[in-house]
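Visitor: Structure: data17.csv, CSV, C-alpha atoms.
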chain,number,residue,atom,x,y,z
A,1,MET,CA,0.0,0.0,0.0
A,2,GLY,CA,1.4,3.3,-1.1
A,3,LEU,CA,1.4,6.8,0.5
A,4,PHE,CA,-1.1,8.3,-2.0
A,5,ASP,CA,-3.5,5.3,-2.3
A,6,PHE,CA,-6.3,7.4,-0.9
A,7,LEU,CA,-6.3,9.5,-4.2
A,8,LYS,CA,-7.0,6.5,-6.4
A,9,SER,CA,-10.5,5.9,-7.5
A,10,ASP,CA,-12.4,2.8,-6.6
A,11,LYS,CA,-12.2,1.5,-10.2
A,12,LYS,CA,-8.4,1.9,-10.3
A,13,LYS,CA,-8.1,0.1,-7.0
A,14,ALA,CA,-10.3,-2.8,-8.4
A,15,ARG,CA,-8.2,-2.9,-11.6
A,16,GLU,CA,-5.0,-3.1,-9.6
A,17,GLN,CA,-6.4,-5.9,-7.5
A,18,VAL,CA,-7.4,-7.8,-10.7
A,19,GLU,CA,-3.9,-7.4,-12.1
A,20,GLN,CA,-2.3,-8.6,-8.9
A,21,GLN,CA,-4.5,-11.7,-8.8
A,22,ARG,CA,-3.6,-12.6,-12.5
A,23,PRO,CA,-1.0,-15.3,-12.7
A,24,VAL,CA,2.5,-14.0,-13.4
A,25,GLY,CA,3.1,-15.8,-16.7
A,26,SER,CA,-0.3,-15.0,-18.3
A,27,PRO,CA,-0.5,-12.4,-21.0
A,28,PRO,CA,-2.4,-9.1,-20.4
A,29,PRO,CA,-5.9,-8.9,-22.1
A,30,ALA,CA,-6.0,-8.0,-25.8
A,31,ALA,CA,-6.3,-4.3,-26.7
A,32,GLY,CA,-9.8,-3.1,-27.4
A,33,THR,CA,-11.6,-5.7,-25.3
A,34,PRO,CA,-13.7,-4.4,-22.4
A,35,SER,CA,-11.5,-6.1,-19.9
A,36,SER,CA,-8.4,-4.3,-21.2
A,37,MET,CA,-10.2,-0.9,-21.0
A,38,GLY,CA,-11.4,-1.8,-17.6
A,39,GLY,CA,-14.9,-1.3,-18.7
A,40,LYS,CA,-14.3,2.4,-18.7
A,41,TYR,CA,-15.9,3.2,-22.1
A,42,THR,CA,-18.7,0.7,-21.9
A,43,ASP,CA,-19.6,2.0,-18.4
A,44,ALA,CA,-19.7,5.6,-19.7
A,45,ALA,CA,-21.8,4.7,-22.7
A,46,GLU,CA,-24.3,2.8,-20.5
A,47,ALA,CA,-24.5,5.7,-18.0
A,48,THR,CA,-25.1,8.2,-20.8
A,49,ARG,CA,-27.8,6.1,-22.4
A,50,ALA,CA,-29.5,5.6,-19.1
A,51,ALA,CA,-29.4,9.3,-18.3
A,52,ALA,CA,-30.9,10.2,-21.7
A,53,GLU,CA,-33.7,7.7,-21.2
A,54,ARG,CA,-34.5,9.2,-17.8
A,55,MET,CA,-34.5,12.7,-19.2
A,56,SER,CA,-36.8,11.8,-22.1
A,57,ALA,CA,-39.2,10.0,-19.8
A,58,ALA,CA,-39.4,13.0,-17.4
A,59,ALA,CA,-39.8,15.7,-20.1
A,60,PRO,CA,-43.3,16.7,-21.0
A,61,PRO,CA,-44.3,15.8,-24.6
A,62,LYS,CA,-44.0,18.7,-27.0
A,63,PRO,CA,-47.1,19.8,-28.8
A,64,ALA,CA,-46.9,19.7,-32.5
A,65,ALA,CA,-47.0,23.2,-33.9
A,66,PRO,CA,-48.9,23.6,-37.2
A,67,PRO,CA,-46.6,24.8,-40.0
A,68,HIS,CA,-46.9,28.5,-40.9
A,69,THR,CA,-48.1,29.0,-44.4
A,70,PRO,CA,-47.5,32.6,-45.6
A,71,THR,CA,-50.4,34.3,-47.4
A,72,PRO,CA,-50.2,37.2,-49.8
A,73,GLY,CA,-51.8,39.5,-47.2
A,74,SER,CA,-49.4,38.5,-44.4
A,75,ALA,CA,-46.3,40.2,-45.8
A,76,ALA,CA,-45.3,43.1,-43.6
A,77,HIS,CA,-44.9,45.6,-46.5
A,78,LYS,CA,-48.4,44.9,-47.6
A,79,ALA,CA,-50.0,44.9,-44.1
A,80,VAL,CA,-48.9,48.5,-43.4
A,81,PRO,CA,-50.9,51.2,-45.2
A,82,ALA,CA,-49.0,53.8,-47.2
A,83,ALA,CA,-48.6,57.2,-45.6
A,84,PRO,CA,-50.9,59.7,-47.0
A,85,ALA,CA,-49.4,62.2,-49.4
A,86,PRO,CA,-48.6,65.5,-47.7
A,87,LYS,CA,-50.9,68.3,-48.7
A,88,PRO,CA,-49.0,71.1,-50.4
A,89,ALA,CA,-48.6,74.2,-48.3
A,90,PRO,CA,-50.6,77.1,-49.5
A,91,ALA,CA,-48.5,79.0,-52.0
A,92,ALA,CA,-46.8,81.8,-50.1
A,93,LYS,CA,-46.8,85.1,-51.9
A,94,LYS,CA,-43.4,85.4,-53.6
A,95,ARG,CA,-41.5,88.5,-52.9
A,96,THR,CA,-40.2,90.3,-55.9
A,97,TYR,CA,-37.9,93.2,-56.5
A,98,THR,CA,-37.6,95.4,-59.7
A,99,VAL,CA,-34.1,96.4,-60.5
A,100,LYS,CA,-33.4,100.2,-60.5
A,101,PRO,CA,-30.6,102.0,-62.2
A,102,GLY,CA,-27.3,101.7,-60.2
A,103,ASP,CA,-28.4,98.5,-58.3
A,104,SER,CA,-26.2,95.4,-57.9
A,105,LEU,CA,-27.0,92.0,-56.6
A,106,SER,CA,-25.0,92.7,-53.4
A,107,ALA,CA,-26.7,96.0,-52.8
A,108,ILE,CA,-30.2,94.4,-53.3
A,109,ALA,CA,-29.2,91.5,-51.0
A,110,ARG,CA,-28.1,94.0,-48.3
A,111,ARG,CA,-31.2,96.2,-48.6
A,112,GLU,CA,-33.8,93.4,-49.0
A,113,LEU,CA,-32.3,90.4,-47.3
A,114,GLY,CA,-30.2,92.1,-44.6
A,115,ASN,CA,-26.9,90.6,-45.7
A,116,GLU,CA,-24.9,91.5,-48.8
A,117,GLY,CA,-23.2,88.0,-48.7
A,118,ARG,CA,-26.6,86.5,-49.8
A,119,TRP,CA,-26.1,87.9,-53.3
A,120,ARG,CA,-25.1,84.4,-54.4
A,121,GLU,CA,-28.4,83.0,-53.2
A,122,LEU,CA,-30.2,85.8,-55.0
A,123,TYR,CA,-28.3,85.1,-58.2
A,124,ALA,CA,-29.0,81.3,-57.9
A,125,MET,CA,-32.7,81.9,-57.7
A,126,ASN,CA,-32.7,84.4,-60.6
A,127,LYS,CA,-30.1,82.9,-63.0
A,128,GLY,CA,-32.7,82.5,-65.7
A,129,VAL,CA,-33.5,86.3,-65.5
A,130,VAL,CA,-30.0,87.6,-64.9
A,131,GLY,CA,-28.0,85.3,-67.3
A,132,THR,CA,-24.5,84.0,-67.0
A,133,ASN,CA,-22.9,87.3,-65.7
A,134,PRO,CA,-24.1,88.2,-62.2
A,135,ASP,CA,-22.5,91.7,-62.5
A,136,LEU,CA,-24.7,92.6,-65.5
A,137,ILE,CA,-28.2,93.3,-64.2
A,138,ARG,CA,-30.4,95.8,-66.1
A,139,PRO,CA,-33.0,98.2,-64.7
A,140,GLY,CA,-36.5,96.8,-65.0
A,141,MET,CA,-35.5,93.1,-64.4
A,142,VAL,CA,-37.9,91.5,-61.9
A,143,LEU,CA,-36.0,89.4,-59.4
A,144,THR,CA,-37.6,86.8,-57.0
A,145,LEU,CA,-36.3,87.2,-53.4
A,146,PRO,CA,-35.7,84.2,-51.1
A,147,ASN,CA,-37.8,84.0,-47.9
So, in terms of structure tokens, how does the structure I just supplied come out?

Guide:
Amino acid sequence: MGLFDFLKSDKKKAREQVEQQRPVGSPPPAAGTPSSMGGKYTDAAEATRAAAERMSAAAPPKPAAPPHTPTPGSAAHKAVPAAPAPKPAPAAKKRTYTVKPGDSLSAIARRELGNEGRWRELYAMNKGVVGTNPDLIRPGMVLTLPN
């Protein structure tokens, strides 16, 4: 009996006792036989099988769910109605300005819009009236002012 025999499992102790009882000249059991593996794998398989049977017996039976059959009306994109089209806002009265002699876009922007830097915005809105050169505006042109 060794110093650390208390650490050995009961199966190891039983296997050692079997080996000690075997005659000295007899060969060890063939590899792959349950006796050579000490029954280790067969015992584990039997224990697993028994546990699975106990669990399946204890579990409540699952109700069979009917399969879902999609219908044309069940699609989410068809079930949600389309948003109503927004009503156009009442047309606000457009502000206009008639160009006077000596006017420039920056002067009109300063006087009418409060900031001469907004001349580009004024020009962009009236490009069809003014033409390609923003420095060339003529008296009598009617410009649309931004809000």

Visitor: Could you name the residues that touch A:Glu121 at 9 Å or less, counting all atoms listed in the file, but leaving out those on the same chain fewer than 4 positions away, as a ChimeraX atom specification?

Guide: /A:109,117,125-126,145-146

Visitor: As a ChimeraX atom specification, please: the residues near stretch 139-141 of chain A (cut-off 7 Å, all atoms listed in the file, same-chain neighbours under 4 positions excluded).

Guide: /A:98-101

Visitor: For a test of reading the model, state the distance in Å between atom CA of A:Ala83 and atom CA of A:Asn147, rounded to one decimal.

Guide: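 That distance, rounded to one decimal, is 29.0 Å.
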
Visitor: Out of A:Ala58, A:Ile108, A:Leu143, A:Ala52, which residue has the shortest atom-to-atom distance to A:Lys94 when counting only C-alpha atoms?

Guide: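 Among the listed residues, the smallest separation from A:Lys94 belongs to A:Leu143.
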
Visitor: State, in Å with one decimal place, the distance from atom CA of A:Arg95 to atom CA of A:Glu112.

Guide: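 Distance reported for this atom pair: 9.9 Å.
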
Visitor: My list of candidates is A:Ala107, A:Tyr97, A:Glu116, A:Gly128. Which is closest to A:Thr144 when distances are computed with only C-alpha atoms?

Guide: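 Ranked by minimum distance to A:Thr144, first place goes to A:Tyr97.
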
Visitor: Rank nothing, just name the residue among A:Ala124, A:Met55, A:Leu105, A:Asn115 nearest to A:Arg138, using all atoms listed in the file.

Guide: A:Leu105

Visitor: What gap, in Å, lies between atom CA of A:Ser106 and atom CA of A:Trp119?

Guide: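 Taking atom CA of A:Ser106 as the start and atom CA of A:Trp119 as the end point, the length is 4.9 Å.
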